[in-house]
>>> print(open('coords38.txt').read())   # compact mmCIF, C-alpha atoms
# COMPACT_ATOMS: atom_id res chain seq x y z
CA MET A 1 171.47 122.48 63.32
CA LYS A 2 168.65 122.22 65.86
CA ALA A 3 168.37 119.28 68.26
CA ASP A 4 165.16 118.56 70.14
CA LEU A 5 165.41 119.01 73.91
CA ASN A 6 163.55 115.75 74.54
CA ASP A 7 166.03 113.89 72.33
CA LEU A 8 168.93 115.41 74.23
CA ASN A 9 167.36 114.33 77.53
CA ALA A 10 166.87 110.83 76.16
CA PHE A 11 170.54 110.60 75.15
CA VAL A 12 171.70 111.75 78.61
CA ALA A 13 169.41 109.23 80.33
CA VAL A 14 170.66 106.31 78.22
CA ALA A 15 174.33 107.31 78.48
CA ARG A 16 174.14 107.63 82.27
CA ALA A 17 172.17 104.43 82.74
CA GLY A 18 174.38 102.41 80.39
CA GLY A 19 171.47 100.95 78.46
CA PHE A 20 168.03 101.62 77.00
CA ARG A 21 166.13 99.31 79.34
CA GLU A 22 167.89 100.69 82.40
CA ALA A 23 167.19 104.26 81.28
CA ALA A 24 163.56 103.38 80.58
CA ARG A 25 163.11 102.04 84.10
CA ALA A 26 164.74 105.13 85.62
CA SER A 27 162.91 107.69 83.48
CA GLY A 28 159.50 106.07 83.14
CA SER A 29 159.77 106.10 79.33
CA SER A 30 159.78 103.08 77.03
CA ALA A 31 163.02 101.66 75.68
CA SER A 32 161.71 102.00 72.14
CA PHE A 33 160.92 105.69 72.69
CA LEU A 34 164.44 106.32 73.97
CA SER A 35 166.01 104.33 71.14
CA GLU A 36 164.10 106.32 68.54
CA ALA A 37 165.01 109.61 70.23
CA VAL A 38 168.73 108.78 70.26
CA ARG A 39 168.57 107.59 66.65
CA ARG A 40 166.87 110.83 65.67
CA LEU A 41 169.49 112.90 67.50
CA GLU A 42 172.37 111.04 65.86
CA ALA A 43 170.80 111.59 62.46
CA GLU A 44 170.35 115.28 63.19
CA LEU A 45 173.95 115.70 64.36
CA GLY A 46 175.41 113.40 61.75
CA VAL A 47 177.59 111.51 64.23
CA ARG A 48 177.26 108.33 66.28
CA LEU A 49 176.87 109.09 69.98
CA LEU A 50 176.50 105.60 71.45
CA ASN A 51 178.21 102.30 70.74
CA ARG A 52 175.60 99.55 71.14
CA THR A 53 176.32 95.89 71.82
CA THR A 54 174.12 93.11 73.12
CA ARG A 55 175.66 93.59 76.58
CA SER A 56 176.22 97.31 76.94
CA VAL A 57 175.66 100.79 75.61
CA VAL A 58 178.59 103.19 76.01
CA PRO A 59 179.16 106.71 74.66
CA THR A 60 181.54 107.22 71.76
CA GLU A 61 184.17 109.94 72.05
CA ALA A 62 181.69 112.36 70.51
CA GLY A 63 179.04 111.12 72.92
CA LYS A 64 181.32 111.59 75.92
CA GLY A 65 182.04 115.16 74.89
CA LEU A 66 178.36 115.91 74.40
CA LEU A 67 177.41 114.29 77.72
CA GLU A 68 180.03 116.26 79.61
CA ARG A 69 178.61 119.55 78.37
CA LEU A 70 174.94 118.57 78.39
CA GLY A 71 174.67 117.37 81.99
CA PRO A 72 175.09 120.76 83.70
CA ALA A 73 173.27 122.56 80.86
CA LEU A 74 170.15 120.40 81.10
CA THR A 75 170.19 120.73 84.87
CA GLU A 76 170.11 124.50 84.42
CA VAL A 77 167.24 124.21 81.96
CA GLU A 78 165.31 122.01 84.37
CA ALA A 79 165.93 124.46 87.20
CA ALA A 80 164.81 127.40 85.06
CA LEU A 81 161.60 125.65 84.04
CA ASP A 82 160.98 124.67 87.63
CA VAL A 83 160.77 128.33 88.64
CA VAL A 84 157.08 128.17 87.76
CA ASN A 85 156.64 125.93 90.78
CA ARG A 86 156.99 129.04 92.91
CA PHE A 87 153.59 130.09 91.66
CA ARG A 88 151.96 126.87 92.80
CA ASP A 89 150.31 126.41 96.17
CA ARG A 90 152.69 123.49 96.83
CA PRO A 91 156.13 122.89 95.29
CA ALA A 92 156.21 119.88 92.99
CA GLY A 93 158.78 117.92 91.03
CA SER A 94 161.81 115.73 91.63
CA LEU A 95 164.66 116.24 94.08
CA ARG A 96 167.80 114.09 93.88
CA LEU A 97 170.34 114.10 96.72
CA ASN A 98 173.81 112.52 96.78
CA VAL A 99 174.70 111.53 100.35
CA PRO A 100 177.12 109.28 102.24
CA VAL A 101 175.66 106.08 103.63
CA SER A 102 176.15 107.36 107.17
CA ALA A 103 173.91 110.36 106.44
CA ALA A 104 171.26 108.15 104.84
CA ARG A 105 171.25 106.01 107.98
CA LEU A 106 171.80 108.54 110.76
CA VAL A 107 170.61 111.95 109.53
CA LEU A 108 167.87 111.58 106.95
CA PRO A 109 165.44 109.24 108.79
CA ALA A 110 164.42 112.11 111.07
CA ILE A 111 163.99 114.52 108.13
CA VAL A 112 162.67 112.64 105.09
CA PRO A 113 159.29 111.31 106.36
CA PRO A 114 158.04 114.67 107.74
CA PHE A 115 159.37 116.48 104.66
CA LEU A 116 157.51 114.19 102.27
CA ALA A 117 154.39 114.48 104.42
CA ALA A 118 154.61 118.27 104.16
CA TYR A 119 155.28 118.21 100.39
CA PRO A 120 153.33 115.31 98.86
CA ASP A 121 153.94 116.55 95.29
CA ILE A 122 157.72 116.21 95.60
CA ARG A 123 159.45 112.99 94.61
CA LEU A 124 162.69 112.52 96.54
CA GLU A 125 165.51 110.26 95.31
CA ILE A 126 168.47 109.47 97.57
CA VAL A 127 171.74 108.30 96.02
CA ALA A 128 173.89 106.90 98.85
CA GLU A 129 177.58 106.40 98.12
CA GLU A 130 180.93 107.20 99.67
CA SER A 131 182.78 108.55 96.63
CA PHE A 132 183.03 112.34 96.50
CA VAL A 133 181.31 113.35 93.27
CA ASP A 134 180.37 116.51 91.40
CA VAL A 135 176.68 116.66 92.27
CA LEU A 136 175.69 118.37 89.02
CA ALA A 137 177.67 116.00 86.81
CA ALA A 138 176.07 113.11 88.72
CA GLY A 139 172.61 114.45 87.92
CA CYS A 140 171.87 115.45 91.52
CA ASP A 141 170.46 118.71 92.81
CA ALA A 142 172.39 118.79 96.09
CA GLY A 143 174.51 116.66 98.39
CA ILE A 144 175.36 116.03 102.00
CA ARG A 145 178.99 115.98 103.08
CA TYR A 146 181.13 116.75 106.08
CA ASP A 147 182.88 120.10 106.33
CA GLU A 148 186.34 119.02 105.25
CA ARG A 149 184.93 117.40 102.10
CA LEU A 150 182.73 120.25 100.83
CA GLU A 151 183.29 121.38 97.26
CA GLN A 152 184.35 124.95 96.66
CA ASP A 153 181.90 127.57 95.37
CA MET A 154 179.01 125.85 97.11
CA ILE A 155 176.39 127.09 99.54
CA ALA A 156 176.18 124.94 102.66
CA ILE A 157 173.71 124.76 105.52
CA PRO A 158 173.95 122.54 108.61
CA ILE A 159 171.80 119.44 108.59
CA GLY A 160 171.43 116.89 111.36
CA PRO A 161 173.36 116.84 114.65
CA ARG A 162 175.99 119.54 114.92
CA GLN A 163 178.41 117.38 116.84
CA GLN A 164 179.14 113.70 116.48
CA ARG A 165 181.69 111.26 117.86
CA PHE A 166 183.53 108.22 116.64
CA ALA A 167 182.96 105.38 119.08
CA THR A 168 185.13 102.33 119.69
CA ALA A 169 183.57 99.10 120.88
CA ALA A 170 183.73 95.33 121.01
CA SER A 171 181.54 92.53 122.29
CA PRO A 172 181.68 91.76 126.03
CA ASP A 173 182.80 88.23 125.15
CA TYR A 174 185.73 89.52 123.07
CA LEU A 175 186.78 91.89 125.85
CA ASP A 176 186.53 89.14 128.48
CA ARG A 177 188.91 87.05 126.38
CA HIS A 178 191.36 89.75 125.28
CA GLY A 179 191.12 92.46 127.93
CA ARG A 180 189.70 95.98 127.98
CA PRO A 181 192.18 98.57 126.65
CA GLN A 182 192.69 101.63 128.83
CA HIS A 183 194.80 103.60 126.34
CA PRO A 184 194.45 103.84 122.54
CA SER A 185 197.96 102.49 122.04
CA GLU A 186 196.78 99.15 123.46
CA LEU A 187 194.61 98.66 120.37
CA LEU A 188 197.77 97.59 118.55
CA ASP A 189 197.49 94.33 120.50
CA HIS A 190 193.87 93.75 119.45
CA ALA A 191 192.11 92.45 116.33
CA CYS A 192 190.55 95.55 114.77
CA LEU A 193 187.89 95.72 112.06
CA LEU A 194 188.77 98.22 109.34
CA GLY A 195 187.08 99.90 106.40
CA ARG A 196 188.25 100.88 102.94
CA PHE A 197 187.04 103.94 101.04
CA ASP A 198 186.27 103.94 97.32
CA SER A 199 189.63 105.69 96.83
CA GLY A 200 191.37 102.60 98.21
CA ALA A 201 192.49 104.26 101.45
CA LEU A 202 191.91 102.47 104.74
CA THR A 203 190.04 104.04 107.64
CA THR A 204 193.27 104.47 109.53
CA PRO A 205 194.82 105.90 111.53
CA TRP A 206 192.25 105.80 114.31
CA GLU A 207 192.52 109.10 116.15
CA TYR A 208 191.77 109.78 119.82
CA GLU A 209 192.01 112.85 122.04
CA ARG A 210 191.92 113.45 125.79
CA ASP A 211 192.93 116.53 127.79
CA GLY A 212 194.79 117.94 124.80
CA GLU A 213 196.69 114.72 124.08
CA VAL A 214 196.11 113.37 120.56
CA VAL A 215 196.91 109.72 119.88
CA ARG A 216 196.86 108.13 116.42
CA VAL A 217 197.12 104.38 116.05
CA GLU A 218 197.47 102.16 112.97
CA PRO A 219 195.59 99.00 114.02
CA SER A 220 195.31 95.83 111.98
CA GLY A 221 192.92 92.94 112.01
CA PRO A 222 191.18 90.09 110.23
CA LEU A 223 188.47 92.00 108.36
CA ILE A 224 188.33 94.95 105.95
CA VAL A 225 184.98 96.09 104.51
CA LYS A 226 183.92 98.76 102.06
CA VAL A 227 182.94 101.90 103.94
CA GLY A 228 179.21 102.45 103.77
CA GLY A 229 178.00 99.50 101.75
CA ALA A 230 179.45 96.77 103.97
CA THR A 231 179.68 98.58 107.30
CA ASP A 232 176.86 96.51 108.80
CA LEU A 233 178.93 93.39 108.16
CA SER A 234 181.70 94.88 110.25
CA VAL A 235 179.22 95.66 113.03
CA ASP A 236 177.90 92.09 112.90
CA ALA A 237 181.45 90.78 113.12
CA ALA A 238 182.13 92.92 116.17
CA ILE A 239 178.94 91.63 117.83
CA ALA A 240 180.08 88.08 117.07
CA GLY A 241 183.35 88.71 118.90
CA THR A 242 185.67 88.98 115.90
CA GLY A 243 187.31 92.21 116.99
CA VAL A 244 187.18 95.91 117.85
CA ILE A 245 185.24 98.41 115.72
CA THR A 246 185.39 102.20 115.42
CA ILE A 247 182.48 103.99 113.75
CA PHE A 248 179.89 106.72 114.32
CA GLU A 249 178.60 106.62 117.89
CA ASP A 250 175.00 106.96 116.68
CA TRP A 251 175.47 103.90 114.47
CA LEU A 252 176.48 101.81 117.49
CA ARG A 253 174.12 103.33 120.06
CA PRO A 254 171.35 100.69 119.63
CA TYR A 255 173.92 97.94 120.22
CA PHE A 256 175.22 99.68 123.34
CA ASP A 257 171.66 99.94 124.64
CA SER A 258 171.02 96.23 124.02
CA GLY A 259 174.35 95.22 125.56
CA VAL A 260 175.67 93.24 122.59
CA LEU A 261 178.49 95.77 122.18
CA GLU A 262 180.45 97.43 124.97
CA PRO A 263 181.99 100.90 124.54
CA ILE A 264 185.70 101.14 125.24
CA LEU A 265 188.09 104.12 125.53
CA GLU A 266 185.09 106.48 125.75
CA PRO A 267 187.02 109.32 127.45
CA TRP A 268 189.21 109.36 124.33
CA TRP A 269 186.44 109.48 121.72
CA GLN A 270 186.97 112.36 119.34
CA ARG A 271 184.23 114.84 118.48
CA PHE A 272 183.75 116.32 115.00
CA SER A 273 181.32 118.74 113.38
CA GLY A 274 178.13 117.42 111.82
CA PRO A 275 177.30 117.28 108.10
CA PHE A 276 176.13 119.99 105.71
CA LEU A 277 173.60 120.09 102.91
CA TYR A 278 175.36 121.77 100.02
CA TYR A 279 174.26 122.99 96.61
CA PRO A 280 175.66 125.18 93.78
CA GLY A 281 175.58 128.88 94.56
CA ARG A 282 175.58 130.12 90.97
CA ARG A 283 172.36 128.68 89.62
CA LEU A 284 168.63 128.90 90.00
CA VAL A 285 167.47 126.78 92.91
CA PRO A 286 164.70 124.34 91.83
CA ALA A 287 161.51 124.64 93.83
CA PRO A 288 161.77 121.12 95.38
CA LEU A 289 165.32 121.88 96.57
CA ARG A 290 164.26 125.28 97.90
CA ALA A 291 161.45 123.58 99.83
CA PHE A 292 163.92 121.05 101.27
CA ILE A 293 166.39 123.80 102.24
CA ASP A 294 163.65 125.80 103.96
CA PHE A 295 162.40 122.66 105.73
CA VAL A 296 165.88 121.84 107.05
CA LYS A 297 166.38 125.41 108.22
CA ALA A 298 163.01 125.52 109.92
CA SER A 299 163.68 122.20 111.64
CA ALA A 300 167.00 123.26 113.16
CA ASN A 301 167.05 127.03 112.63
CA PRO A 302 170.68 127.00 111.43
CA LEU A 303 172.43 129.92 109.81
CA GLU A 304 173.17 129.51 106.12
CA ARG A 305 176.76 130.04 105.21
CA SER A 306 178.88 129.98 102.12
CA CYS A 307 181.89 127.69 101.96
CA ARG A 308 183.62 129.74 99.31
CA SER A 309 187.28 130.08 100.13
>>> encode(input="coords38.txt", output="structure tokens")
Amino acid sequence: MKADLNDLNAFVAVARAGGFREAARASGSSASFLSEAVRRLEAELGVRLLNRTTRSVVPTEAGKGLLERLGPALTEVEAALDVVNRFRDRPAGSLRLNVPVSAARLVLPAIVPPFLAAYPDIRLEIVAEESFVDVLAAGCDAGIRYDERLEQDMIAIPIGPRQQRFATAASPDYLDRHGRPQHPSELLDHACLLGRFDSGALTTPWEYERDGEVVRVEPSGPLIVKVGGATDLSVDAAIAGTGVITIFEDWLRPYFDSGVLEPILEPWWQRFSGPFLYYPGRRLVPAPLRAFIDFVKASANPLERSCRS
């Protein structure tokens, strides 16, 4: 039994996109081409791979099993074929990164434009989400995460600022009405704006540190937003005087500078290490990813390290 590689790629694209039209838009192929490729593959294998309805296309049990094994395998094939890019004057191809929304907003703007200017033949796709995913299974070449969330058996290099802080703030009007807390424990008497991760966990406790003293508080308040996707709503609410917000200092810096938000408890703000670009250590590195890695290293001159335990 011999399946065509193009047909396998078509099946993976449709299964991941959840439909032929969606896969066509993402891949640049026509829906009819993808439909014929999947039909041909099913005929070759003698088993239905996709259940098709007017509203959705979902893998069958056989399709799920095939997709689970094909994703990493096709990524390896693509990486192996991409080795020829090393013999080109300029690396070319696609690079797909899975990153948290905070990195897309605070880290990548200083890196992406000059990188794309230096490598005009590379097409970069950024997938911004907060859920911690297997980058290969998600069809990505690499990811950005913070140290405590790095996957095992990955190579990691620093990217972006090496130290960051969580900042706490509220509007001057809110603080005039409710008072300016001098100790983190006083936040329990304030309306606080919280976030919720994809896992369902809240962004609490809020943690502070000063002169070796660590204080953790479990605040409550009138608004909970999804971390990443709805964070700007929480910032807008804080500006409007709804309550107190805690988030990346760099996210709030423009609002501090304009005066619409006022920092509070700054001596207690906790520092943490910056993010890492990580990628699988046991595979060929595609030329676009290698170019991105080298660009990041050259920009900051960090030392590459392995996060294997």
>>> closest_residue(input="coords38.txt", among="A:Val38, A:Thr168, A:Ala237, A:Ala43", to="Pro59 in chain A", atoms="all atoms listed in the file")
A:Val38
>>> closest_residue(input="coords38.txt", among="A:His178, A:Arg96, A:Arg69, A:Arg55", to="Pro286 in chain A", atoms="all atoms listed in the file")
A:Arg96
>>> residues_around(input="coords38.txt", residues="range 262-265 of chain A", least_positions_apart="6", cutoff="10 Å", atoms="all atoms listed in the file", output="PyMOL selection string")
chain A and resi 167-175+180-184+187+208+239+244-246+249+252-253+255-256
>>> atom_distance(input="coords38.txt", atom1="CA of Leu193 in chain A", atom2="CA of Arg216 in chain A")
15.9 Å
>>> closest_residue(input="coords38.txt", among="A:Trp268, A:Phe166, A:Phe20, A:Phe248", to="Thr53 in chain A", atoms="all atoms listed in the file")
A:Phe20
>>> atom_distance(input="coords38.txt", atom1="CA of Ile159 in chain A", atom2="CA of Val296 in chain A")
6.6 Å
>>> closest_residue(input="coords38.txt", among="A:Ile157, A:Ala128, A:Arg16, A:Glu218", to="Glu186 in chain A", atoms="only C-alpha atoms")
A:Glu218
>>> atom_distance(input="coords38.txt", atom1="CA of Phe11 in chain A", atom2="CA of Val99 in chain A")
25.6 Å
>>> closest_residue(input="coords38.txt", among="A:Ser131, A:Phe33, A:Arg145, A:Leu116", to="Ser199 in chain A", atoms="all atoms listed in the file")
A:Ser131
>>> closest_residue(input="coords38.txt", among="A:Ile155, A:Arg90, A:Thr75, A:Gly243", to="Asp176 in chain A", atoms="all atoms listed in the file")
A:Gly243
>>> residues_around(input="coords38.txt", residues="Ala24 in chain A", least_positions_apart="2", cutoff="10 Å", atoms="only C-alpha atoms", output="PDB file with C-alpha atoms, in the frame of the given file")
ATOM      1  CA  ALA A  10     166.870 110.830  76.160  1.00  0.00           C
ATOM      2  CA  ALA A  13     169.410 109.230  80.330  1.00  0.00           C
ATOM      3  CA  VAL A  14     170.660 106.310  78.220  1.00  0.00           C
ATOM      4  CA  ALA A  17     172.170 104.430  82.740  1.00  0.00           C
ATOM      5  CA  GLY A  19     171.470 100.950  78.460  1.00  0.00           C
ATOM      6  CA  PHE A  20     168.030 101.620  77.000  1.00  0.00           C
ATOM      7  CA  ARG A  21     166.130  99.310  79.340  1.00  0.00           C
ATOM      8  CA  GLU A  22     167.890 100.690  82.400  1.00  0.00           C
ATOM      9  CA  ALA A  26     164.740 105.130  85.620  1.00  0.00           C
ATOM     10  CA  SER A  27     162.910 107.690  83.480  1.00  0.00           C
ATOM     11  CA  GLY A  28     159.500 106.070  83.140  1.00  0.00           C
ATOM     12  CA  SER A  29     159.770 106.100  79.330  1.00  0.00           C
ATOM     13  CA  SER A  30     159.780 103.080  77.030  1.00  0.00           C
ATOM     14  CA  ALA A  31     163.020 101.660  75.680  1.00  0.00           C
ATOM     15  CA  SER A  32     161.710 102.000  72.140  1.00  0.00           C
ATOM     16  CA  PHE A  33     160.920 105.690  72.690  1.00  0.00           C
ATOM     17  CA  LEU A  34     164.440 106.320  73.970  1.00  0.00           C
ATOM     18  CA  SER A  35     166.010 104.330  71.140  1.00  0.00           C
TER      19      SER A  35
END
